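The next block is protein_3.txt, given as compact mmCIF, C-alpha atoms and all ligand atoms.
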```txt
# COMPACT_ATOMS: atom_id res chain seq x y z
CA MET A 24 0.00 0.00 0.00
CA ARG A 25 1.05 3.55 -0.60
CA GLY A 26 1.76 5.49 2.52
CA LYS A 27 1.89 9.25 2.06
CA TYR A 28 0.34 11.07 -0.86
CA VAL A 29 1.25 14.35 -2.46
CA THR A 30 -1.99 15.52 -4.01
CA GLU A 31 -1.51 17.31 -7.32
CA THR A 32 -4.08 19.39 -9.16
CA GLY A 33 -4.18 19.26 -12.94
CA LYS A 34 -6.25 20.85 -15.67
CA ALA A 35 -8.66 18.49 -17.42
CA ASN A 36 -6.92 18.89 -20.79
CA ASP A 37 -5.44 16.04 -22.88
CA ALA A 38 -2.22 15.93 -20.88
CA GLY A 39 -4.07 16.00 -17.55
CA MET A 40 -6.45 13.25 -18.64
CA ALA A 41 -3.60 11.06 -19.91
CA ARG A 42 -1.84 11.48 -16.58
CA ALA A 43 -5.04 10.68 -14.70
CA ALA A 44 -5.57 7.52 -16.76
CA ALA A 45 -1.99 6.37 -16.06
CA THR A 46 -2.43 7.03 -12.33
CA LEU A 47 -5.65 5.02 -12.31
CA ARG A 48 -4.05 2.16 -14.26
CA ASP A 49 -1.38 1.97 -11.52
CA GLY A 50 -4.08 1.67 -8.87
CA GLY A 51 -4.05 5.33 -7.77
CA LEU A 52 -6.83 7.70 -6.70
CA VAL A 53 -8.00 10.58 -8.92
CA ALA A 54 -10.77 13.09 -8.17
CA VAL A 55 -12.78 13.71 -11.34
CA PRO A 56 -15.62 16.13 -12.07
CA THR A 57 -18.95 14.62 -13.15
CA GLU A 58 -22.25 16.37 -13.90
CA THR A 59 -23.35 15.64 -10.31
CA VAL A 60 -20.40 16.17 -7.92
CA TYR A 61 -16.65 15.47 -8.01
CA GLY A 62 -16.06 11.71 -7.74
CA LEU A 63 -13.06 9.92 -6.23
CA ALA A 64 -12.13 7.38 -8.89
CA ALA A 65 -10.13 4.16 -8.70
CA ARG A 66 -10.12 1.11 -10.93
CA ALA A 67 -13.11 -1.01 -9.98
CA ASP A 68 -11.44 -4.30 -10.95
CA SER A 69 -8.71 -4.01 -8.32
CA GLU A 70 -9.35 -4.89 -4.69
CA GLU A 71 -6.30 -2.81 -3.61
CA ALA A 72 -7.37 0.28 -5.55
CA VAL A 73 -10.92 0.04 -4.19
CA ALA A 74 -9.56 -0.41 -0.66
CA ARG A 75 -7.67 2.89 -1.12
CA ILE A 76 -10.97 4.70 -1.78
CA TYR A 77 -12.44 3.43 1.51
CA ALA A 78 -9.23 4.36 3.36
CA ALA A 79 -8.92 7.87 1.86
CA LYS A 80 -12.57 8.69 2.60
CA GLY A 81 -12.74 6.92 5.97
CA ARG A 82 -15.81 5.28 4.47
CA PRO A 83 -17.40 2.40 6.38
CA GLY A 84 -16.90 -0.91 4.58
CA PHE A 85 -20.66 -1.61 4.49
CA ASN A 86 -21.33 1.39 2.21
CA PRO A 87 -20.93 0.21 -1.41
CA LEU A 88 -19.58 2.30 -4.29
CA ILE A 89 -21.04 3.30 -7.66
CA VAL A 90 -19.25 1.85 -10.68
CA HIS A 91 -18.93 4.21 -13.67
CA LEU A 92 -18.81 2.86 -17.22
CA ALA A 93 -18.27 4.28 -20.68
CA SER A 94 -21.47 2.87 -22.22
CA PRO A 95 -24.64 0.89 -21.50
CA GLN A 96 -23.00 -2.04 -23.32
CA ALA A 97 -20.08 -1.97 -20.89
CA ALA A 98 -22.58 -1.80 -17.99
CA GLU A 99 -24.42 -4.89 -19.23
CA ARG A 100 -21.27 -6.96 -18.74
CA HIS A 101 -21.53 -6.43 -14.98
CA ALA A 102 -25.24 -6.78 -14.13
CA ASP A 103 -28.51 -8.31 -15.31
CA PHE A 104 -30.65 -5.78 -17.17
CA ASN A 105 -34.34 -6.68 -17.39
CA ARG A 106 -36.79 -4.63 -19.50
CA THR A 107 -37.29 -2.01 -16.80
CA ALA A 108 -33.54 -1.50 -16.45
CA GLN A 109 -33.13 -1.32 -20.22
CA ARG A 110 -35.86 1.32 -20.50
CA LEU A 111 -34.33 3.43 -17.74
CA ALA A 112 -30.86 3.13 -19.30
CA GLN A 113 -32.23 4.05 -22.71
CA ALA A 114 -33.95 7.15 -21.30
CA TRP A 115 -31.28 8.45 -18.93
CA TRP A 116 -27.80 7.17 -19.84
CA PRO A 117 -25.47 8.92 -20.16
CA GLY A 118 -26.70 10.99 -17.22
CA PRO A 119 -27.22 11.33 -13.46
CA LEU A 120 -29.00 7.97 -13.00
CA THR A 121 -27.50 5.14 -10.93
CA MET A 122 -29.14 1.72 -11.13
CA VAL A 123 -28.74 -0.98 -8.46
CA LEU A 124 -29.00 -4.30 -10.29
CA PRO A 125 -28.30 -8.01 -9.74
CA ARG A 126 -24.57 -8.41 -10.13
CA LYS A 127 -23.12 -10.79 -12.70
CA PRO A 128 -20.56 -12.84 -10.82
CA GLY A 129 -17.19 -13.37 -12.45
CA ALA A 130 -17.35 -10.18 -14.54
CA GLY A 131 -14.21 -8.84 -12.92
CA LEU A 132 -15.36 -6.24 -10.38
CA ALA A 133 -13.61 -6.24 -7.00
CA PRO A 134 -16.07 -7.63 -4.39
CA ALA A 135 -15.43 -4.63 -2.11
CA VAL A 136 -17.07 -2.39 -4.72
CA SER A 137 -20.49 -3.63 -3.67
CA ALA A 138 -19.55 -4.31 -0.04
CA GLY A 139 -20.29 -7.99 -0.44
CA LEU A 140 -23.89 -7.47 -1.69
CA PRO A 141 -25.34 -9.56 -4.55
CA THR A 142 -26.23 -6.27 -6.29
CA VAL A 143 -24.07 -3.59 -7.87
CA ALA A 144 -24.69 0.14 -8.49
CA LEU A 145 -23.90 1.23 -12.08
CA ARG A 146 -23.88 4.57 -13.87
CA VAL A 147 -22.90 5.86 -17.31
CA PRO A 148 -21.99 9.51 -16.63
CA ALA A 149 -22.43 12.39 -19.07
CA HIS A 150 -19.64 14.80 -18.08
CA ARG A 151 -17.00 15.45 -20.74
CA VAL A 152 -14.08 14.82 -18.38
CA MET A 153 -15.38 11.63 -16.77
CA ARG A 154 -16.37 10.27 -20.19
CA GLY A 155 -12.97 11.18 -21.64
CA LEU A 156 -11.26 9.39 -18.78
CA LEU A 157 -13.41 6.27 -19.14
CA ALA A 158 -12.55 6.22 -22.84
CA LEU A 159 -8.83 6.17 -21.95
CA CYS A 160 -9.24 3.36 -19.40
CA ASP A 161 -9.87 -0.27 -20.30
CA PHE A 162 -11.39 -0.89 -16.85
CA PRO A 163 -14.49 0.49 -15.05
CA LEU A 164 -14.09 3.20 -12.40
CA ALA A 165 -15.50 3.02 -8.89
CA ALA A 166 -16.22 6.59 -7.83
CA PRO A 167 -18.03 7.79 -4.70
CA SER A 168 -18.14 11.49 -3.93
CA ALA A 169 -14.64 12.94 -3.37
CA ASN A 170 -14.99 13.94 0.30
CA ARG A 171 -14.28 12.46 3.72
CA SER A 172 -17.13 10.12 4.64
CA GLY A 173 -20.14 11.91 6.13
CA PHE A 174 -19.05 15.44 5.18
CA ILE A 175 -20.25 17.90 2.53
CA SER A 176 -19.95 16.69 -1.06
CA PRO A 177 -17.57 18.55 -3.42
CA THR A 178 -18.79 20.53 -6.43
CA ARG A 179 -15.44 22.31 -7.04
CA ALA A 180 -11.81 21.19 -7.03
CA GLU A 181 -11.12 23.36 -3.97
CA HIS A 182 -13.81 21.44 -2.03
CA VAL A 183 -12.00 18.18 -2.85
CA LEU A 184 -8.70 19.58 -1.58
CA ALA A 185 -10.35 20.92 1.59
CA SER A 186 -11.35 17.34 2.42
CA LEU A 187 -8.79 15.01 0.80
CA ASP A 188 -5.52 16.96 0.27
CA GLY A 189 -2.65 14.58 1.08
CA ARG A 190 -4.89 11.50 0.87
CA ILE A 191 -5.22 11.09 -2.93
CA ASP A 192 -2.93 11.35 -5.98
CA LEU A 193 -4.57 13.86 -8.29
CA VAL A 194 -7.50 16.25 -8.71
CA LEU A 195 -8.64 17.05 -12.24
CA ASP A 196 -10.05 20.57 -12.13
CA ALA A 197 -12.76 21.43 -14.65
CA GLY A 198 -14.66 24.07 -12.69
CA PRO A 199 -17.97 23.73 -10.84
CA CYS A 200 -20.31 20.76 -11.40
CA GLN A 201 -23.55 21.47 -13.22
CA ALA A 202 -26.23 19.50 -11.36
CA GLY A 203 -24.57 19.80 -7.96
CA LEU A 204 -26.46 16.93 -6.31
CA GLU A 205 -25.57 13.24 -6.37
CA SER A 206 -27.22 10.95 -8.92
CA THR A 207 -30.72 9.61 -8.49
CA ILE A 208 -30.40 5.96 -7.36
CA VAL A 209 -32.99 3.43 -8.46
CA ALA A 210 -33.04 -0.26 -7.52
CA VAL A 211 -34.54 -2.50 -10.19
CA ARG A 212 -35.73 -5.90 -8.97
CA ALA A 213 -35.64 -9.15 -10.92
CA ASP A 214 -39.46 -8.99 -11.33
CA GLY A 215 -39.15 -5.63 -13.11
CA SER A 216 -40.44 -3.47 -10.24
CA TRP A 217 -38.29 -0.56 -9.15
CA GLN A 218 -37.74 1.75 -6.21
CA GLU A 219 -36.05 5.12 -5.76
CA LEU A 220 -33.30 4.70 -3.14
CA ARG A 221 -31.95 8.27 -3.27
CA PRO A 222 -33.71 11.33 -4.73
CA GLY A 223 -31.56 13.28 -7.18
CA PRO A 224 -31.51 15.32 -10.39
CA ILE A 225 -33.96 12.96 -12.13
CA GLY A 226 -37.37 13.17 -10.44
CA LEU A 227 -39.85 10.38 -9.71
CA ALA A 228 -42.26 11.42 -12.46
CA ASP A 229 -39.49 11.24 -15.06
CA LEU A 230 -38.38 7.84 -13.76
CA ALA A 231 -41.93 6.52 -13.87
CA ALA A 232 -42.40 7.79 -17.42
CA ALA A 233 -39.27 5.96 -18.53
CA ALA A 234 -39.78 2.76 -16.52
CA GLY A 235 -43.35 2.20 -17.69
CA GLU A 236 -46.62 2.35 -15.75
CA GLY A 237 -47.44 -0.23 -13.09
CA ASP A 238 -43.87 -1.31 -12.51
CA ARG A 239 -43.34 0.80 -9.41
CA GLY A 240 -42.27 -1.28 -6.41
CA GLU A 241 -43.58 -0.69 -2.90
CA ALA A 242 -41.48 1.57 -0.69
CA GLY A 243 -39.70 -0.48 1.96
CA GLY A 244 -40.14 -3.54 -0.21
CA GLY A 245 -36.91 -5.12 0.94
CA ILE A 246 -34.19 -3.34 -1.01
CA GLU A 247 -31.62 -1.76 1.25
CA ALA A 248 -29.73 1.46 0.68
CA PRO A 249 -26.86 0.79 3.06
CA GLY A 250 -25.22 4.18 2.54
CA GLN A 251 -28.32 6.29 3.10
CA LEU A 252 -27.46 7.24 6.67
CA ALA A 253 -29.56 9.78 8.58
CA SER A 254 -26.52 12.01 9.14
CA HIS A 255 -24.56 12.85 6.00
CA TYR A 256 -23.34 15.94 4.10
CA ALA A 257 -22.53 17.35 7.55
CA PRO A 258 -20.86 20.79 7.77
CA GLY A 259 -19.63 20.13 11.34
CA LYS A 260 -21.95 22.70 12.95
CA PRO A 261 -25.59 22.64 14.04
CA VAL A 262 -27.95 23.31 11.11
CA ARG A 263 -31.50 24.71 11.52
CA LEU A 264 -33.89 24.32 8.59
CA GLY A 265 -36.94 26.25 7.36
CA CYS A 266 -35.78 29.60 8.82
CA GLU A 267 -37.23 32.97 7.78
CA THR A 268 -34.64 34.81 9.90
CA ALA A 269 -31.30 33.98 11.50
CA ALA A 270 -30.11 34.41 15.09
CA ALA A 271 -27.02 36.61 15.67
CA ASP A 272 -24.70 33.58 15.87
CA GLU A 273 -26.09 31.89 12.75
CA TYR A 274 -24.70 32.01 9.21
CA MET A 275 -27.80 32.33 7.06
CA ILE A 276 -28.23 30.48 3.76
CA GLY A 277 -31.06 32.27 1.94
CA PHE A 278 -33.37 31.26 -0.87
CA GLY A 279 -35.65 33.46 -3.00
CA ALA A 280 -37.16 36.32 -0.98
CA VAL A 281 -35.46 35.11 2.23
CA ALA A 282 -32.07 36.84 2.15
CA GLY A 283 -28.93 35.49 3.81
CA ASP A 284 -25.16 35.81 4.16
CA ILE A 285 -25.23 33.80 0.96
CA SER A 286 -28.16 32.60 -1.16
CA LEU A 287 -28.95 29.28 -2.83
CA SER A 288 -30.75 31.31 -5.49
CA GLU A 289 -31.88 34.91 -5.12
CA THR A 290 -34.47 34.39 -7.86
CA GLY A 291 -35.85 31.25 -6.19
CA ASP A 292 -34.63 28.95 -8.99
CA LEU A 293 -34.47 25.36 -7.71
CA GLY A 294 -31.99 24.22 -10.38
CA GLU A 295 -29.60 26.97 -9.37
CA ALA A 296 -30.15 26.08 -5.69
CA ALA A 297 -29.23 22.44 -6.37
CA ALA A 298 -26.06 23.46 -8.20
CA ARG A 299 -25.07 25.86 -5.38
CA LEU A 300 -26.17 23.81 -2.32
CA TYR A 301 -22.82 22.27 -1.41
CA ALA A 302 -20.85 25.46 -2.20
CA CYS A 303 -23.17 27.32 0.21
CA LEU A 304 -22.72 24.63 2.89
CA HIS A 305 -18.93 24.78 2.40
CA ALA A 306 -19.04 28.59 2.82
CA ALA A 307 -21.16 28.20 5.96
CA ALA A 308 -18.74 25.61 7.35
CA ARG A 309 -15.77 27.98 6.77
CA SER A 310 -17.50 31.03 8.25
CA GLY A 311 -16.79 32.34 11.75
CA LYS A 312 -20.37 31.71 12.90
CA PRO A 313 -20.92 28.61 15.09
CA ARG A 314 -24.35 27.73 13.65
CA ILE A 315 -26.10 27.61 10.31
CA ALA A 316 -29.69 28.58 9.41
CA VAL A 317 -31.26 27.67 6.08
CA ALA A 318 -34.29 29.31 4.43
CA PRO A 319 -37.26 27.12 3.43
CA VAL A 320 -36.82 25.39 0.06
CA PRO A 321 -40.01 24.21 -1.69
CA ALA A 322 -40.37 20.40 -1.76
CA ARG A 323 -41.14 20.03 -5.45
CA GLY A 324 -39.06 18.89 -8.41
CA ILE A 325 -35.38 18.88 -7.54
CA GLY A 326 -36.38 20.67 -4.31
CA LEU A 327 -37.22 17.17 -2.99
CA ALA A 328 -33.59 16.10 -3.43
CA ILE A 329 -32.32 19.39 -1.94
CA ASN A 330 -34.50 18.88 1.15
CA ASP A 331 -33.30 15.26 1.44
CA ARG A 332 -29.68 16.48 1.58
CA LEU A 333 -30.52 19.37 3.96
CA ARG A 334 -32.29 17.01 6.39
CA ARG A 335 -29.20 14.78 6.51
CA ALA A 336 -26.90 17.82 6.89
CA ALA A 337 -29.04 18.89 9.89
CA ALA A 338 -29.37 15.40 11.46
P1 LIG A 401 -21.82 8.13 -3.11
O1 LIG A 401 -21.10 7.54 -4.27
O2 LIG A 401 -20.93 8.59 -2.01
O3 LIG A 401 -22.77 9.16 -3.57
O4 LIG A 401 -22.68 6.95 -2.48
C1 LIG A 401 -23.13 5.87 -3.25
C2 LIG A 401 -24.51 5.47 -2.82
O5 LIG A 401 -24.91 4.32 -3.60
C3 LIG A 401 -24.62 5.06 -1.36
O6 LIG A 401 -25.76 5.68 -0.80
C4 LIG A 401 -24.80 3.56 -1.43
O7 LIG A 401 -25.54 3.06 -0.37
C5 LIG A 401 -25.51 3.37 -2.77
N1 LIG A 401 -25.27 2.03 -3.30
C6 LIG A 401 -24.16 1.61 -3.95
N2 LIG A 401 -24.24 0.29 -4.24
C7 LIG A 401 -25.43 -0.13 -3.77
C8 LIG A 401 -26.09 -1.40 -3.74
N3 LIG A 401 -25.55 -2.48 -4.27
N4 LIG A 401 -27.30 -1.45 -3.14
C9 LIG A 401 -27.86 -0.35 -2.61
N5 LIG A 401 -27.29 0.87 -2.60
C10 LIG A 401 -26.08 0.99 -3.16
MG MG A 402 -21.02 10.64 -0.87
```
Could you render the structure from this file as structure tokens?
Amino acid sequence: MRGKYVTETGKANDAGMARAAATLRDGGLVAVPTETVYGLAARADSEEAVARIYAAKGRPGFNPLIVHLASPQAAERHADFNRTAQRLAQAWWPGPLTMVLPRKPGAGLAPAVSAGLPTVALRVPAHRVMRGLLALCDFPLAAPSANRSGFISPTRAEHVLASLDGRIDLVLDAGPCQAGLESTIVAVRADGSWQELRPGPIGLADLAAAAGEGDRGEAGGGIEAPGQLASHYAPGKPVRLGCETAAADEYMIGFGAVAGDISLSETGDLGEAAARLYACLHAAARSGKPRIAVAPVPARGIGLAINDRLRRAAA
């Protein structure tokens, strides 16, 4: 195992991507922008490389990783796709959709990737840099969010460094992430029914439209989301939600008409709020104030996913 790391930051140009691919081939750790958040990538076919992800993040071994692939065809080598899974892949890949599917044994993924479960989480990402990297690698990439376990997710290279400097090999910097919230996770069962495990950029109505009517599984129908812990995305200070005003010792994160020290979106745009959520939480964490207050965010559309993350940040 490697001991100490010197974390370098590189531009996501051809030279940077070639270097990143070589580092990954050697079993190293590279933070890569995706359309959701920055991911911490390692080759998914190497038990040692995957173990380095868990070690760098301090991630509990029961919390499985998402495997990123260049194409739906590459994904089909690693899991069983029934009609529901095929329809969802057709509609949303490449994009911010992760599917938890029955794992094909013997397809070459390190067992630690799915924490010993018989299922595996797969995604075909859309971001130029992550796609470019996957094209240079002849192996899939395991990539959870590039932050210490339990803390705020990174949407900029500087957020990655704030959390993982000295613990990983390289950060590819390509500016802020567009969606700003982690992928929507859907479990698809062998019988074709499905269940949303984590709300994200793709809403339930859009999933249902793609999956086909009548295929929706019952909530709590037996599929586990081992990583969906009550406390997550934590800024390290108490967080109060649904606030119209802040106390003197609170750093206020505003939204719409509710002003703050910083705002998720002054115009009340939920897409902008999703993209800015983690940057606002990082700013609040860095501020001199010991507490954080957050304005109400409407629970519709991507606002559902924003409120999911805020509840866990406050738990
Ligand atoms: P992160 O990559 O940090 O956004 O976290 C990945 C998420 O995917 C966690 O919430 C995991 O629990 C979830 N996940 C990954 N693999 C599986 C699986 N096989 N079954 C259920 N959830 C999974
Ligand atoms: Mg994460």
Inset, instruction - Enumerate as a ChimeraX atom specification the residues within 12 Å of ligand MG 402 (chain A), counting all atoms listed in the file. - result: /A:59-63,76-77,80-83,86-89,166-178,183,204-206,221,250-252,254-257,301,332,335
Inset, instruction - Using all atoms listed in the file, find the one residue out of A:Arg42, A:Lys312, A:Lys127, A:Lys260 that sits nearest to Arg100 of chain A. - result: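 Of A:Arg42, A:Lys312, A:Lys127, A:Lys260, the one nearest Arg100 of chain A, counting all atoms listed in the file, is A:Lys127.
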Inset, instruction - Rank A:Ala197, A:Met40, A:Ala318, A:Cys160 by their smallest atom-to-atom distance to Ala65 of chain A, using all atoms listed in the file, and report the top residue only. - result: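 Selected residue with least distance to Ala65 of chain A: A:Cys160.
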Inset, instruction - Would you mind telling me which residue in A:Gly215, A:Gly283, A:Pro134, A:Gly118 lies nearest to ligand LIG 401 (chain A) when using all atoms listed in the file? - result: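 Among A:Gly215, A:Gly283, A:Pro134, A:Gly118, it is A:Pro134 that comes nearest to ligand LIG 401 (chain A).
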Inset, instruction - To one decimal in Å, tell me the separation between atom CA of Ala165 of chain A and atom CA of Arg239 of chain A. - result: 27.9 Å
Inset, instruction - Find, counting only C-alpha atoms and all ligand atoms, the residue in A:Ala133, A:Ala93, A:Val194, A:Ala210 that gets nearest to ligand LIG 401 (chain A). - result: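 Smallest separation from ligand LIG 401 (chain A) among the options: A:Ala210.
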Legend entry - Residues within 8 Å of (-32.8, 6.0, -1.3), counting all atoms listed in the file, listed as a list in words: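 Using all atoms listed in the file, the matching residues come out as Ile208, Val209, Glu219, Leu220, Arg221, Pro222, Ala248 and Gln251 of chain A.
Closest approach to ligand LIG 401 (chain A) among A:Thr268, A:Thr121, A:Thr142, A:Gln96 is made by A:Thr142 (distances from all atoms listed in the file).
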Legend entry - Minimum-distance residue to ligand LIG 401 (chain A), chosen among A:Ala74, A:Val147, A:Ala213, A:Met122 (using all atoms listed in the file):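 Closest to ligand LIG 401 (chain A), using all atoms listed in the file: A:Met122.
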Inset, instruction - Please provide as a ChimeraX atom specification all residues within 9 Å of Ile225 of chain A, with the sequence filter that same-chain residues fewer than 6 positions apart are discarded (counting only C-alpha atoms). - result: /A:115,119-120,206-207,324-325
Edge lengths and centre, in Å to one decimal, as JSON: that's what I need for the box along x, y and z that holds all listed atoms of ligand LIG 401 (chain A) plus 8 Å on each side.
```
{"center_x": -24.4, "center_y": 3.3, "center_z": -2.3, "size_x": 22.9, "size_y": 27.6, "size_z": 19.9}
```
Inset, instruction - Kindly give the distance, in Å, that separates atom CA of Gly291 of chain A and atom O3 of ligand LIG 401 (chain A), rounded to a single decimal. - result: 25.8 Å
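Atom CA of Ala297 of chain A lies 19.6 Å from atom CA of Arg309 of chain A.
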Inset, instruction - Might you pull out every residue within 6 Å of Arg179 of chain A, with only C-alpha atoms counted and same-chain residues fewer than 2 positions away left off, and present them as a list in words? - result: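 Answer for this query is Pro177, Glu181, His182, Gly198 and Pro199 of chain A.
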